[in-house]
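One file, start-v8.csv, carrying CSV, C-alpha atoms:
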chain,number,residue,atom,x,y,z
A,1313,MET,CA,-109.0,92.4,66.6
A,1314,ARG,CA,-111.8,91.3,68.8
A,1315,PHE,CA,-113.5,92.7,71.9
A,1316,VAL,CA,-113.7,90.4,74.9
A,1317,ALA,CA,-115.9,90.9,77.9
A,1318,SER,CA,-113.8,91.8,80.9
A,1319,SER,CA,-114.4,88.6,82.9
A,1320,ALA,CA,-117.2,86.2,83.8
A,1321,PHE,CA,-115.5,85.6,87.1
A,1322,ALA,CA,-115.6,89.4,87.8
A,1323,SER,CA,-119.3,89.5,87.1
A,1324,LEU,CA,-119.9,86.6,89.6
A,1325,VAL,CA,-117.9,88.4,92.3
A,1326,LEU,CA,-119.7,91.6,91.7
A,1327,HIS,CA,-123.1,89.9,91.9
A,1328,GLN,CA,-122.1,88.5,95.3
A,1329,LEU,CA,-120.9,91.9,96.5
A,1330,LEU,CA,-124.0,93.7,95.3
A,1331,ALA,CA,-126.1,91.5,97.7
A,1332,VAL,CA,-124.0,93.0,100.6
A,1333,ALA,CA,-123.7,96.7,99.5
A,1334,PRO,CA,-126.1,97.4,96.6
A,1335,SER,CA,-126.3,101.1,97.3
A,1336,TRP,CA,-122.9,101.9,95.9
A,1337,LEU,CA,-121.7,98.8,94.1
A,1338,HIS,CA,-124.5,98.7,91.6
A,1339,GLU,CA,-123.0,101.5,89.6
A,1340,LEU,CA,-119.6,100.0,89.8
A,1341,ALA,CA,-120.9,96.6,88.5
A,1342,CYS,CA,-122.6,98.3,85.5
A,1343,LEU,CA,-119.3,100.0,84.7
A,1344,ILE,CA,-117.2,96.9,84.8
A,1345,GLN,CA,-119.7,94.9,82.8
A,1346,LEU,CA,-119.5,97.6,80.1
A,1347,MET,CA,-115.7,97.5,80.0
A,1348,LYS,CA,-114.2,95.6,77.0
A,1349,ILE,CA,-110.7,94.5,76.3
A,1350,ILE,CA,-109.2,94.7,72.8
A,1351,GLN,CA,-107.7,91.3,72.4
A,1352,HIS,CA,-105.1,90.5,69.6
A,1353,SER,CA,-103.5,87.1,69.0
A,1354,ALA,CA,-99.8,86.8,69.5
A,1355,GLU,CA,-99.5,86.1,65.7
A,1356,THR,CA,-101.4,89.3,64.9
A,1357,LEU,CA,-99.2,91.4,67.2
A,1358,GLN,CA,-96.0,89.8,65.8
A,1359,THR,CA,-97.1,90.7,62.2
A,1360,ALA,CA,-97.9,94.2,63.3
A,1361,LEU,CA,-94.5,94.6,64.8
A,1362,VAL,CA,-92.2,92.7,62.5
A,1363,SER,CA,-94.2,92.4,59.2
A,1364,LYS,CA,-94.0,89.5,56.8
A,1365,CYS,CA,-92.1,91.4,54.1
A,1366,ARG,CA,-88.6,90.1,53.7
A,1367,ASP,CA,-86.9,93.6,53.9
A,1368,LEU,CA,-88.7,94.6,57.1
A,1369,VAL,CA,-88.0,91.2,58.7
A,1370,LYS,CA,-84.4,91.6,57.9
A,1371,ALA,CA,-84.3,95.1,59.3
A,1372,TYR,CA,-86.0,93.8,62.5
A,1373,SER,CA,-83.3,91.1,62.9
A,1374,LYS,CA,-80.7,93.9,63.3
A,1375,TYR,CA,-82.2,94.7,66.8
A,1376,THR,CA,-80.1,93.1,69.5
A,1377,LYS,CA,-81.3,90.0,71.2
A,1378,LYS,CA,-82.3,92.0,74.3
A,1379,GLU,CA,-84.1,94.6,72.3
A,1380,ARG,CA,-86.1,91.9,70.6
A,1381,GLN,CA,-86.9,90.3,74.0
A,1382,LEU,CA,-88.3,93.7,75.1
A,1383,LEU,CA,-90.3,94.3,72.0
A,1384,GLU,CA,-91.7,90.8,71.9
A,1385,ASP,CA,-92.9,91.0,75.5
A,1386,GLY,CA,-95.9,92.8,73.8
A,1387,TYR,CA,-97.0,89.5,72.2
A,1388,HIS,CA,-98.6,88.4,75.5
A,1389,PRO,CA,-100.1,91.5,77.1
A,1390,GLY,CA,-102.0,91.3,80.3
A,1391,ARG,CA,-99.9,88.7,82.0
A,1392,PRO,CA,-98.9,89.6,85.6
A,1393,ASP,CA,-95.3,90.2,84.7
A,1394,SER,CA,-95.9,91.8,81.2
A,1395,LEU,CA,-94.6,95.2,80.5
A,1396,PHE,CA,-97.4,95.9,78.0
A,1397,GLN,CA,-101.1,95.8,78.6
A,1398,PRO,CA,-104.1,95.5,76.3
A,1399,ILE,CA,-106.4,98.5,75.6
A,1400,THR,CA,-109.5,98.6,77.8
A,1401,VAL,CA,-112.5,100.3,76.3
A,1402,HIS,CA,-114.7,101.7,79.1
A,1403,SER,CA,-117.7,103.1,77.1
A,1404,ASP,CA,-119.0,103.8,73.6
A,1405,SER,CA,-117.7,107.4,74.1
A,1406,ASP,CA,-114.1,106.2,74.1
A,1407,TRP,CA,-112.0,106.9,71.0
A,1408,ILE,CA,-111.9,103.5,69.3
A,1409,PRO,CA,-115.7,102.8,69.3
A,1410,ALA,CA,-116.4,106.4,68.5
A,1411,HIS,CA,-113.9,106.8,65.7
A,1412,PRO,CA,-113.4,103.5,63.8
A,1413,GLU,CA,-110.0,103.4,62.1
A,1414,GLU,CA,-107.9,100.8,60.3
A,1415,PRO,CA,-105.1,99.8,62.7
A,1416,GLN,CA,-101.7,101.0,61.4
A,1417,ASP,CA,-99.0,98.3,61.7
A,1418,PHE,CA,-95.3,98.9,61.2
A,1419,GLU,CA,-95.4,98.0,57.5
A,1420,SER,CA,-98.3,100.4,56.8
A,1421,PHE,CA,-96.4,103.1,58.6
A,1422,TYR,CA,-93.1,102.4,56.8
A,1423,ARG,CA,-94.7,102.3,53.4
A,1424,ALA,CA,-97.0,105.3,53.9
A,1425,PRO,CA,-96.4,108.0,51.2
A,1426,TYR,CA,-97.2,110.8,53.7
A,1427,ARG,CA,-94.6,109.6,56.3
A,1428,LYS,CA,-91.9,112.1,57.2
A,1429,SER,CA,-88.6,111.6,58.9
A,1430,PRO,CA,-86.1,114.1,60.2
A,1431,SER,CA,-83.1,114.9,57.9
A,1432,ALA,CA,-79.8,116.5,58.4
A,1433,SER,CA,-81.3,119.9,57.4
A,1434,HIS,CA,-84.6,119.4,59.2
A,1435,ASN,CA,-83.9,117.8,62.5
A,1436,ALA,CA,-85.2,120.2,65.2
A,1437,ILE,CA,-88.6,120.3,67.0
A,1438,TYR,CA,-89.7,123.8,67.9
A,1439,ILE,CA,-92.1,124.7,70.7
A,1440,GLN,CA,-94.0,128.0,70.6
A,1441,THR,CA,-95.8,129.1,73.8
A,1442,ILE,CA,-98.8,131.3,73.2
A,1443,GLY,CA,-100.3,133.5,76.0
A,1444,SER,CA,-99.6,133.3,79.7
A,1445,PHE,CA,-98.6,130.1,81.4
A,1446,GLY,CA,-99.0,131.4,85.0
A,1447,GLU,CA,-98.6,134.3,87.3
A,1448,VAL,CA,-95.0,133.6,88.3
A,1449,ARG,CA,-92.9,134.1,85.2
A,1450,ALA,CA,-89.8,132.2,86.4
A,1451,GLN,CA,-91.9,129.2,87.4
A,1452,THR,CA,-93.9,129.1,84.2
A,1453,ASP,CA,-90.6,129.5,82.2
A,1454,GLN,CA,-89.3,126.5,84.0
A,1455,TYR,CA,-92.5,124.5,83.4
A,1456,VAL,CA,-92.0,125.0,79.7
A,1457,GLU,CA,-88.3,124.1,80.0
A,1458,TRP,CA,-89.3,120.8,81.6
A,1459,LEU,CA,-91.6,120.1,78.7
A,1460,ARG,CA,-88.8,120.8,76.3
A,1461,GLU,CA,-86.4,118.5,78.1
A,1462,TYR,CA,-89.0,115.7,78.3
A,1463,CYS,CA,-89.6,116.0,74.5
A,1464,GLN,CA,-85.9,115.9,73.9
A,1465,ALA,CA,-85.6,112.6,75.9
A,1466,PHE,CA,-88.8,111.1,74.3
A,1467,PHE,CA,-87.6,112.0,70.7
A,1468,TYR,CA,-84.0,111.0,71.6
A,1469,GLY,CA,-81.5,112.1,69.0
A,1470,LEU,CA,-83.4,115.2,67.9
A,1471,THR,CA,-83.0,118.7,69.2
A,1472,VAL,CA,-86.0,120.4,70.8
A,1473,LYS,CA,-85.9,124.2,71.0
A,1474,LEU,CA,-88.1,126.8,72.5
A,1475,LEU,CA,-89.1,129.9,70.5
A,1476,PRO,CA,-89.5,133.2,72.4
A,1477,ALA,CA,-93.0,133.3,74.0
A,1478,VAL,CA,-95.7,135.4,72.3
A,1479,THR,CA,-98.9,137.0,73.6
A,1480,VAL,CA,-102.3,136.2,72.1
A,1481,ALA,CA,-102.3,139.7,70.5
A,1482,GLU,CA,-99.1,138.9,68.7
A,1483,THR,CA,-100.7,136.0,66.9
A,1484,GLY,CA,-103.5,138.2,65.6
A,1485,CYS,CA,-106.0,135.3,66.0
A,1486,SER,CA,-109.7,135.4,66.3
A,1487,PHE,CA,-111.2,134.6,69.7
A,1488,ARG,CA,-114.6,134.2,71.5
A,1489,VAL,CA,-116.3,133.5,74.8
A,1490,ASN,CA,-117.7,130.0,74.8
A,1491,SER,CA,-121.5,130.3,75.3
A,1492,ASN,CA,-121.6,127.1,77.4
A,1493,SER,CA,-118.5,127.2,79.6
A,1494,HIS,CA,-118.1,131.0,79.6
A,1495,ASN,CA,-114.3,130.8,79.1
A,1496,LEU,CA,-112.1,132.5,76.5
A,1497,GLN,CA,-111.2,130.5,73.4
A,1498,ILE,CA,-108.8,131.2,70.5
A,1499,LEU,CA,-109.2,130.0,66.9
A,1500,THR,CA,-106.9,127.1,65.9
A,1501,GLY,CA,-106.8,128.0,62.1
A,1502,ASP,CA,-105.4,131.4,62.8
A,1503,LEU,CA,-102.8,130.0,65.2
A,1504,LEU,CA,-101.6,127.5,62.5
A,1505,LEU,CA,-101.2,130.3,60.0
A,1506,PHE,CA,-99.1,132.2,62.6
A,1507,LEU,CA,-97.0,129.1,63.3
A,1508,GLN,CA,-96.4,128.7,59.5
A,1509,LYS,CA,-94.8,132.1,59.4
A,1510,ARG,CA,-92.7,131.4,62.5
A,1511,LYS,CA,-91.4,128.0,61.4
A,1512,PRO,CA,-87.6,128.0,61.2
A,1513,LYS,CA,-85.8,126.6,58.2
A,1514,ASP,CA,-84.2,123.7,60.2
A,1515,ALA,CA,-87.5,122.7,61.7
A,1516,PHE,CA,-88.8,119.1,61.4
A,1517,CYS,CA,-92.0,120.4,63.0
A,1518,ILE,CA,-93.3,123.3,65.1
A,1519,VAL,CA,-95.9,123.0,67.8
A,1520,GLY,CA,-97.8,125.7,69.6
A,1521,ILE,CA,-98.9,125.2,73.2
A,1522,THR,CA,-101.2,127.3,75.2
A,1523,MET,CA,-103.2,127.4,78.5
A,1524,ILE,CA,-106.1,129.0,76.7
A,1525,ASP,CA,-109.0,126.8,75.4
A,1526,LEU,CA,-109.3,126.3,71.6
A,1527,TYR,CA,-112.0,126.1,69.0
A,1528,PRO,CA,-111.6,125.1,65.3
A,1529,LYS,CA,-114.8,126.8,63.9
A,1530,ASP,CA,-117.9,128.6,65.2
A,1531,SER,CA,-120.1,125.5,65.1
A,1532,TRP,CA,-117.7,123.5,67.4
A,1533,ASN,CA,-117.8,123.7,71.2
A,1534,PHE,CA,-114.0,123.2,71.6
A,1535,VAL,CA,-111.1,121.2,70.4
A,1536,PHE,CA,-108.0,119.9,72.4
A,1537,GLY,CA,-105.8,120.6,69.4
A,1538,GLN,CA,-105.4,120.7,65.6
A,1539,ALA,CA,-102.5,119.9,63.3
A,1540,SER,CA,-101.4,120.2,59.7
A,1541,LEU,CA,-99.3,117.1,59.2
A,1542,ALA,CA,-98.4,118.0,55.7
A,1543,ASN,CA,-96.8,121.3,56.9
A,1544,GLY,CA,-95.4,119.8,60.1
A,1545,MET,CA,-97.4,122.1,62.4
A,1546,GLY,CA,-99.8,121.6,65.3
A,1547,VAL,CA,-101.3,123.6,68.2
A,1548,PHE,CA,-102.9,122.3,71.3
A,1549,SER,CA,-104.2,123.5,74.7
A,1550,PHE,CA,-103.7,122.3,78.2
A,1551,ALA,CA,-106.6,124.4,79.6
A,1552,ARG,CA,-108.9,121.4,80.1
A,1553,TYR,CA,-106.3,119.5,82.0
A,1554,ASP,CA,-107.2,121.6,85.0
A,1555,ASP,CA,-109.0,119.3,87.4
A,1556,ASN,CA,-111.6,122.1,88.0
A,1557,PHE,CA,-112.3,123.0,84.4
A,1558,TYR,CA,-115.7,121.4,84.2
A,1559,SER,CA,-116.9,122.7,87.5
A,1560,ARG,CA,-118.9,125.9,88.1
A,1561,SER,CA,-116.2,127.1,90.4
A,1562,TYR,CA,-113.6,127.1,87.5
A,1563,ALA,CA,-111.6,130.3,87.8
A,1564,GLY,CA,-111.4,130.7,84.0
A,1565,ARG,CA,-115.2,131.2,83.8
A,1566,LEU,CA,-115.7,134.9,83.1
A,1567,LYS,CA,-117.7,136.5,85.9
A,1568,LYS,CA,-119.4,138.9,83.5
A,1569,ARG,CA,-121.1,138.1,80.2
A,1570,LEU,CA,-118.6,139.8,78.0
A,1571,GLN,CA,-118.9,140.2,74.3
A,1572,PRO,CA,-115.4,141.3,73.5
A,1573,LYS,CA,-114.6,143.0,70.2
A,1574,GLN,CA,-112.3,141.2,67.8
A,1575,GLY,CA,-108.9,142.8,68.1
A,1576,ASP,CA,-109.4,143.9,71.7
A,1577,TYR,CA,-106.9,141.5,73.3
A,1578,SER,CA,-107.1,143.2,76.7
A,1579,VAL,CA,-109.5,140.5,77.8
A,1580,PHE,CA,-106.5,138.1,78.0
A,1581,ASP,CA,-104.6,140.4,80.5
A,1582,ASP,CA,-104.3,138.5,83.7
A,1583,TYR,CA,-106.5,135.7,82.4
A,1584,TYR,CA,-106.6,132.6,84.6
A,1585,THR,CA,-104.1,129.8,84.0
A,1586,PRO,CA,-104.1,126.4,85.8
A,1587,PRO,CA,-101.6,125.9,88.7
A,1588,ILE,CA,-98.6,123.8,87.7
A,1589,THR,CA,-99.0,120.5,89.4
A,1590,SER,CA,-97.4,117.0,88.9
A,1591,THR,CA,-100.7,115.8,87.2
A,1592,LEU,CA,-100.7,118.8,84.9
A,1593,LEU,CA,-97.1,118.1,83.9
A,1594,LEU,CA,-97.8,114.5,83.2
A,1595,ARG,CA,-100.8,115.3,81.1
A,1596,SER,CA,-98.9,117.9,79.2
A,1597,CYS,CA,-96.0,115.6,78.5
A,1598,LYS,CA,-98.3,112.9,77.2
A,1599,THR,CA,-100.2,115.3,75.0
A,1600,MET,CA,-97.1,116.9,73.5
A,1601,THR,CA,-95.4,113.6,72.7
A,1602,HIS,CA,-98.7,112.1,71.3
A,1603,GLU,CA,-99.3,115.1,69.0
A,1604,ILE,CA,-95.6,115.3,67.8
A,1605,GLY,CA,-95.8,111.6,67.2
A,1606,HIS,CA,-98.5,112.3,64.5
A,1607,MET,CA,-95.9,114.5,62.8
A,1608,PHE,CA,-93.9,111.4,62.0
A,1609,GLY,CA,-96.9,109.8,60.4
A,1610,MET,CA,-97.9,107.7,63.4
A,1611,GLN,CA,-101.6,107.1,63.5
A,1612,HIS,CA,-103.7,106.4,66.6
A,1613,CYS,CA,-102.6,103.1,68.2
A,1614,GLN,CA,-105.0,100.2,68.5
A,1615,TRP,CA,-102.6,97.5,69.4
A,1616,LEU,CA,-101.7,97.9,73.0
A,1617,ASN,CA,-102.0,100.4,75.8
A,1618,CYS,CA,-99.8,103.2,74.4
A,1619,VAL,CA,-99.4,107.0,74.5
A,1620,MET,CA,-100.4,107.1,70.8
A,1621,GLN,CA,-104.0,105.9,71.6
A,1622,GLY,CA,-106.7,108.4,70.7
A,1623,SER,CA,-108.7,109.9,73.5
A,1624,ASN,CA,-112.1,111.6,73.5
A,1625,HIS,CA,-112.1,112.9,77.0
A,1626,LEU,CA,-109.8,113.5,80.0
A,1627,GLU,CA,-110.6,110.3,81.8
A,1628,GLU,CA,-109.6,108.3,78.8
A,1629,SER,CA,-106.5,110.4,78.2
A,1630,ASP,CA,-105.5,109.7,81.9
A,1631,ARG,CA,-105.8,106.0,81.3
A,1632,ARG,CA,-103.2,105.9,78.5
A,1633,PRO,CA,-99.5,105.5,79.7
A,1634,PRO,CA,-96.7,107.9,78.7
A,1635,HIS,CA,-94.8,105.1,76.9
A,1636,LEU,CA,-95.0,103.7,73.4
A,1637,CYS,CA,-96.1,100.1,72.7
A,1638,PRO,CA,-93.6,97.9,70.8
A,1639,VAL,CA,-95.2,98.6,67.4
A,1640,CYS,CA,-95.1,102.4,67.9
A,1641,LEU,CA,-91.7,102.3,69.4
A,1642,ARG,CA,-90.4,100.6,66.3
A,1643,LYS,CA,-92.1,103.3,64.1
A,1644,LEU,CA,-90.3,106.1,66.0
A,1645,GLN,CA,-87.0,104.3,66.2
A,1646,SER,CA,-87.0,103.6,62.5
A,1647,SER,CA,-87.5,107.4,61.9
A,1648,VAL,CA,-85.0,108.7,64.4
A,1649,GLY,CA,-82.4,105.9,64.8
A,1650,PHE,CA,-81.8,105.9,68.5
A,1651,LYS,CA,-80.7,103.0,70.7
A,1652,ILE,CA,-83.7,101.9,72.8
A,1653,ALA,CA,-81.7,101.7,76.0
A,1654,ASP,CA,-80.3,105.2,75.5
A,1655,ARG,CA,-83.7,106.7,75.0
A,1656,TYR,CA,-85.1,105.0,78.2
A,1657,LYS,CA,-82.1,106.2,80.2
A,1658,ALA,CA,-82.7,109.8,79.0
A,1659,LEU,CA,-86.4,109.6,80.1
A,1660,LEU,CA,-85.5,108.0,83.4
A,1661,HIS,CA,-82.8,110.7,84.0
A,1662,TRP,CA,-85.5,113.4,83.4
A,1663,MET,CA,-87.7,111.8,86.1
A,1664,GLU,CA,-84.8,111.3,88.6
A,1665,GLU,CA,-82.4,114.2,88.0
A,1666,ASP,CA,-81.7,116.7,90.8
A,1667,GLN,CA,-84.6,119.0,90.5
A,1668,ARG,CA,-82.6,122.1,91.3
A,1669,GLU,CA,-80.0,121.6,88.6
A,1670,THR,CA,-79.5,124.3,86.0
A,1671,SER,CA,-79.9,123.2,82.4
A,1672,SER,CA,-76.7,123.3,80.3
A,1673,PRO,CA,-76.5,126.5,78.2
A,1674,GLU,CA,-76.4,124.7,74.9
A,1675,GLU,CA,-79.7,122.9,75.6
A,1676,ALA,CA,-81.7,125.5,77.3
A,1677,SER,CA,-83.4,128.4,75.5
A,1678,THR,CA,-81.4,131.6,75.7
A,1679,CYS,CA,-84.5,133.3,77.3
A,1680,GLN,CA,-84.8,130.8,80.1
A,1681,PRO,CA,-83.5,131.6,83.7
A,1682,ALA,CA,-81.7,129.1,85.8
A,1683,LEU,CA,-84.0,126.3,87.1
A,1684,GLN,CA,-85.0,127.1,90.7
A,1685,PHE,CA,-88.2,125.1,91.4
A,1686,PRO,CA,-88.4,121.4,92.3
A,1687,LYS,CA,-89.7,119.4,89.4
A,1688,PRO,CA,-93.1,117.8,90.5
A,1689,THR,CA,-92.6,114.2,89.2
A,1690,HIS,CA,-94.5,112.1,91.7
A,1691,ALA,CA,-97.2,111.5,89.1
A,1692,PHE,CA,-94.5,109.9,87.0
A,1693,GLN,CA,-93.7,107.2,89.6
A,1694,THR,CA,-95.4,104.4,87.7
A,1695,ALA,CA,-93.6,105.4,84.5
A,1696,ARG,CA,-90.3,105.5,86.3
A,1697,LEU,CA,-90.7,102.0,87.7
A,1698,TRP,CA,-91.7,100.8,84.2
A,1699,LEU,CA,-88.6,102.3,82.6
A,1700,GLN,CA,-86.4,100.6,85.2
A,1701,ARG,CA,-88.0,97.3,84.4
A,1702,CYS,CA,-87.3,97.8,80.7
A,1703,LEU,CA,-83.7,98.7,81.4
A,1704,ASP,CA,-83.3,95.6,83.5
A,1705,ILE,CA,-84.1,93.6,80.4
A,1706,LEU,CA,-81.9,95.6,78.1
A,1707,GLU,CA,-78.9,95.7,80.3
A,1708,LYS,CA,-78.9,92.5,82.3
A,1709,ASP,CA,-75.8,90.3,81.8
A,1710,GLU,CA,-76.1,87.2,79.6
A,1711,PRO,CA,-76.0,83.9,81.6
Turn the structure described in the file into structure tokens.
Amino acid sequence: MRFVASSAFASLVLHQLLAVAPSWLHELACLIQLMKIIQHSAETLQTALVSKCRDLVKAYSKYTKKERQLLEDGYHPGRPDSLFQPITVHSDSDWIPAHPEEPQDFESFYRAPYRKSPSASHNAIYIQTIGSFGEVRAQTDQYVEWLREYCQAFFYGLTVKLLPAVTVAETGCSFRVNSNSHNLQILTGDLLLFLQKRKPKDAFCIVGITMIDLYPKDSWNFVFGQASLANGMGVFSFARYDDNFYSRSYAGRLKKRLQPKQGDYSVFDDYYTPPITSTLLLRSCKTMTHEIGHMFGMQHCQWLNCVMQGSNHLEESDRRPPHLCPVCLRKLQSSVGFKIADRYKALLHWMEEDQRETSSPEEASTCQPALQFPKPTHAFQTARLWLQRCLDILEKDEP
């Protein structure tokens, strides 16, 4: 793996532009010059995807010719017509420079002793909502149902189920007011203990989701989420996906400097939750699938632009796409056993389906009402076009 400066040509162009409009382009020039592209050779990417071990090469040969064509498109990222793009590092605060890790290729994933795959007796993903998800119950129930349906398409072949919602009080967790941002936070360790007790016997994993900010211990400012991979559990928050979270006008900032007593959960009554927007839905879907991907033993991706990339901040999280790169796609496919085209069709259907359809009774949670709000999927437009391009390759007729 090597870092490559974005482009000498780009630097020349920017130098010329700065002479015309230095007042606002100087900052842009500095940003682009700091950007670096993670560049892997085609041979390195091929080894990461296929391996050089005979058994894994033989297993790879069982993909159809069209599936291999799709996967091997990743050997040449960055071309104008390429489906897959290289990772761009924008600053030292991005995940890869801040958290050096050994890249996990397919062979390392496949041989890992901690890797877990669903089985006949443990083949369901459970989602547990914690606290309020909005003021309009029917709309927030539907939002969670959209998340469930998206996860079921993403992890095609597994069943994804919703557990009945619980209040913060029902978890018995510790909480605090953040001294910097003045918003309520709940303790991740306590939530994981609660989830462990709630985990059904047929669960492959259980994930808790909440619109309330999280913290892992008193010395930390916040955390987006925390997981126990050995126990197949994780909890994460969408609170910081509100576009206004870091502004002084954020509605979740407590107006009074409260010092709530532990056990007095009345502070969570009518507590602010972000509005459900297309951007929030996209961010939530990416976070859920990324975190559940870890439950399979998939580490942070360092090969290509991929939903399994790590992210240190919201801007970096927004840069990663909702799809898996070829290496991570093979990891998931080897664990679940889906047909690649069937999975892409399910994801595309989720993005294109009639927004006012009612979910089928056997798929929807028994506590969910009929769907009645249009699904805000315009933020998924790029992903939808990408899926269509993939299916064009997988389904085109042989000459």
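One distance worth recording is that between CA of Lys1509 in chain A and CA of Thr1522 in chain A, which is 17.7 Å.
Rounded to one decimal, CA of Arg1552 in chain A and CA of Met1523 in chain A lie 8.4 Å from each other.
Take CA of Phe1506 in chain A and CA of Gly1520 in chain A: the distance between them is 9.6 Å.
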Residues near Leu1361 in chain A, cut-off 7 Å, all atoms listed in the file, skip fewer than 5 positions along chain, as a PDB file with C-alpha atoms, keeping the file's coordinate frame:
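Saved the output as part_0.pdb:
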ATOM      1  CA  ASP A1417     -99.000  98.300  61.700  1.00  0.00           C
ATOM      2  CA  PHE A1418     -95.300  98.900  61.200  1.00  0.00           C
ATOM      3  CA  PRO A1638     -93.600  97.900  70.800  1.00  0.00           C
ATOM      4  CA  VAL A1639     -95.200  98.600  67.400  1.00  0.00           C
TER       5      VAL A1639
END
I'd like a table as a tab-separated table: residues in range 1535-1640 of chain A with an atom no more than 12 Å from range 1658-1667 of chain A, each row giving the shortest atom pair and its distance in Å to one decimal, all atoms listed in the file counted, sorted by chain and rising residue number.
residue	atom	partner	partner_atom	distance
A:Ser1590	CA	A:Met1663	CA	11.4
A:Leu1593	CA	A:Met1663	CA	11.5
A:Leu1594	CA	A:Met1663	CA	10.8
A:Cys1597	CA	A:Leu1659	CA	11.4
A:Pro1634	CA	A:Leu1659	CA	10.5
A:His1635	CA	A:Leu1659	CA	10.1
Save out the residues we just selected, C-alpha atoms, as a compact mmCIF listing (two decimals), in the coordinates of the input.
# COMPACT_ATOMS: atom_id res chain seq x y z
CA SER A 1590 -97.40 117.00 88.90
CA LEU A 1593 -97.10 118.10 83.90
CA LEU A 1594 -97.80 114.50 83.20
CA CYS A 1597 -96.00 115.60 78.50
CA PRO A 1634 -96.70 107.90 78.70
CA HIS A 1635 -94.80 105.10 76.90
Which residues come within 10 Å of range 1697-1701 of chain A, counting only C-alpha atoms, excluding same-chain residues fewer than 5 positions away, as a ChimeraX atom specification?
-> /A:1382,1395-1396,1635,1653,1656-1657,1659-1660,1692,1706
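Ranking A:Cys1702, A:Leu1507, A:Leu1368, A:Cys1517 by their shortest atom-to-atom distance to Glu1603 in chain A, with all atoms listed in the file included, puts A:Cys1517 first.
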Which neighbours of range 1538-1540 of chain A fall inside 9 Å, counting only C-alpha atoms, when residues of the same chain fewer than 2 positions from it are skipped, and could you give them as a PyMOL selection string?
-> chain A and resi 1500-1501+1504+1519+1528+1535-1536+1542-1548+1603+1606-1607
Just the residues within 8 Å of range 1615-1631 of chain A, please, counting all atoms listed in the file, with nothing from its chain fewer than 6 positions along; format it as a list in words.
-> Ile1350, His1352, Leu1357, Gly1386, Pro1389, Phe1396, Gln1397, Pro1398, Ile1399, Thr1400, Ser1405, Asp1406, Trp1407, Ile1408, Pro1415, Arg1552, Tyr1553, Arg1595, Lys1598, Thr1601, His1602, Gly1605, Cys1637, Val1639 and Cys1640 of chain A
Residues within 8 Å of Tyr1438 in chain A, please, as a PDB file with C-alpha atoms, in the frame of the given file. Count all atoms listed in the file; anything in the same chain fewer than 6 positions from it doesn't count.
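Resulting contents of part.pdb:
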ATOM      1  CA  VAL A1472     -86.000 120.400  70.800  1.00  0.00           C
ATOM      2  CA  LYS A1473     -85.900 124.200  71.000  1.00  0.00           C
ATOM      3  CA  LEU A1474     -88.100 126.800  72.500  1.00  0.00           C
ATOM      4  CA  LEU A1475     -89.100 129.900  70.500  1.00  0.00           C
ATOM      5  CA  LYS A1511     -91.400 128.000  61.400  1.00  0.00           C
ATOM      6  CA  ALA A1515     -87.500 122.700  61.700  1.00  0.00           C
ATOM      7  CA  CYS A1517     -92.000 120.400  63.000  1.00  0.00           C
ATOM      8  CA  ILE A1518     -93.300 123.300  65.100  1.00  0.00           C
ATOM      9  CA  VAL A1519     -95.900 123.000  67.800  1.00  0.00           C
TER      10      VAL A1519
END
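Distances to Ile1524 in chain A were evaluated for A:Met1610, A:Val1480, A:Ile1705, A:Ala1695 using all atoms listed in the file, and the minimum falls at A:Val1480.
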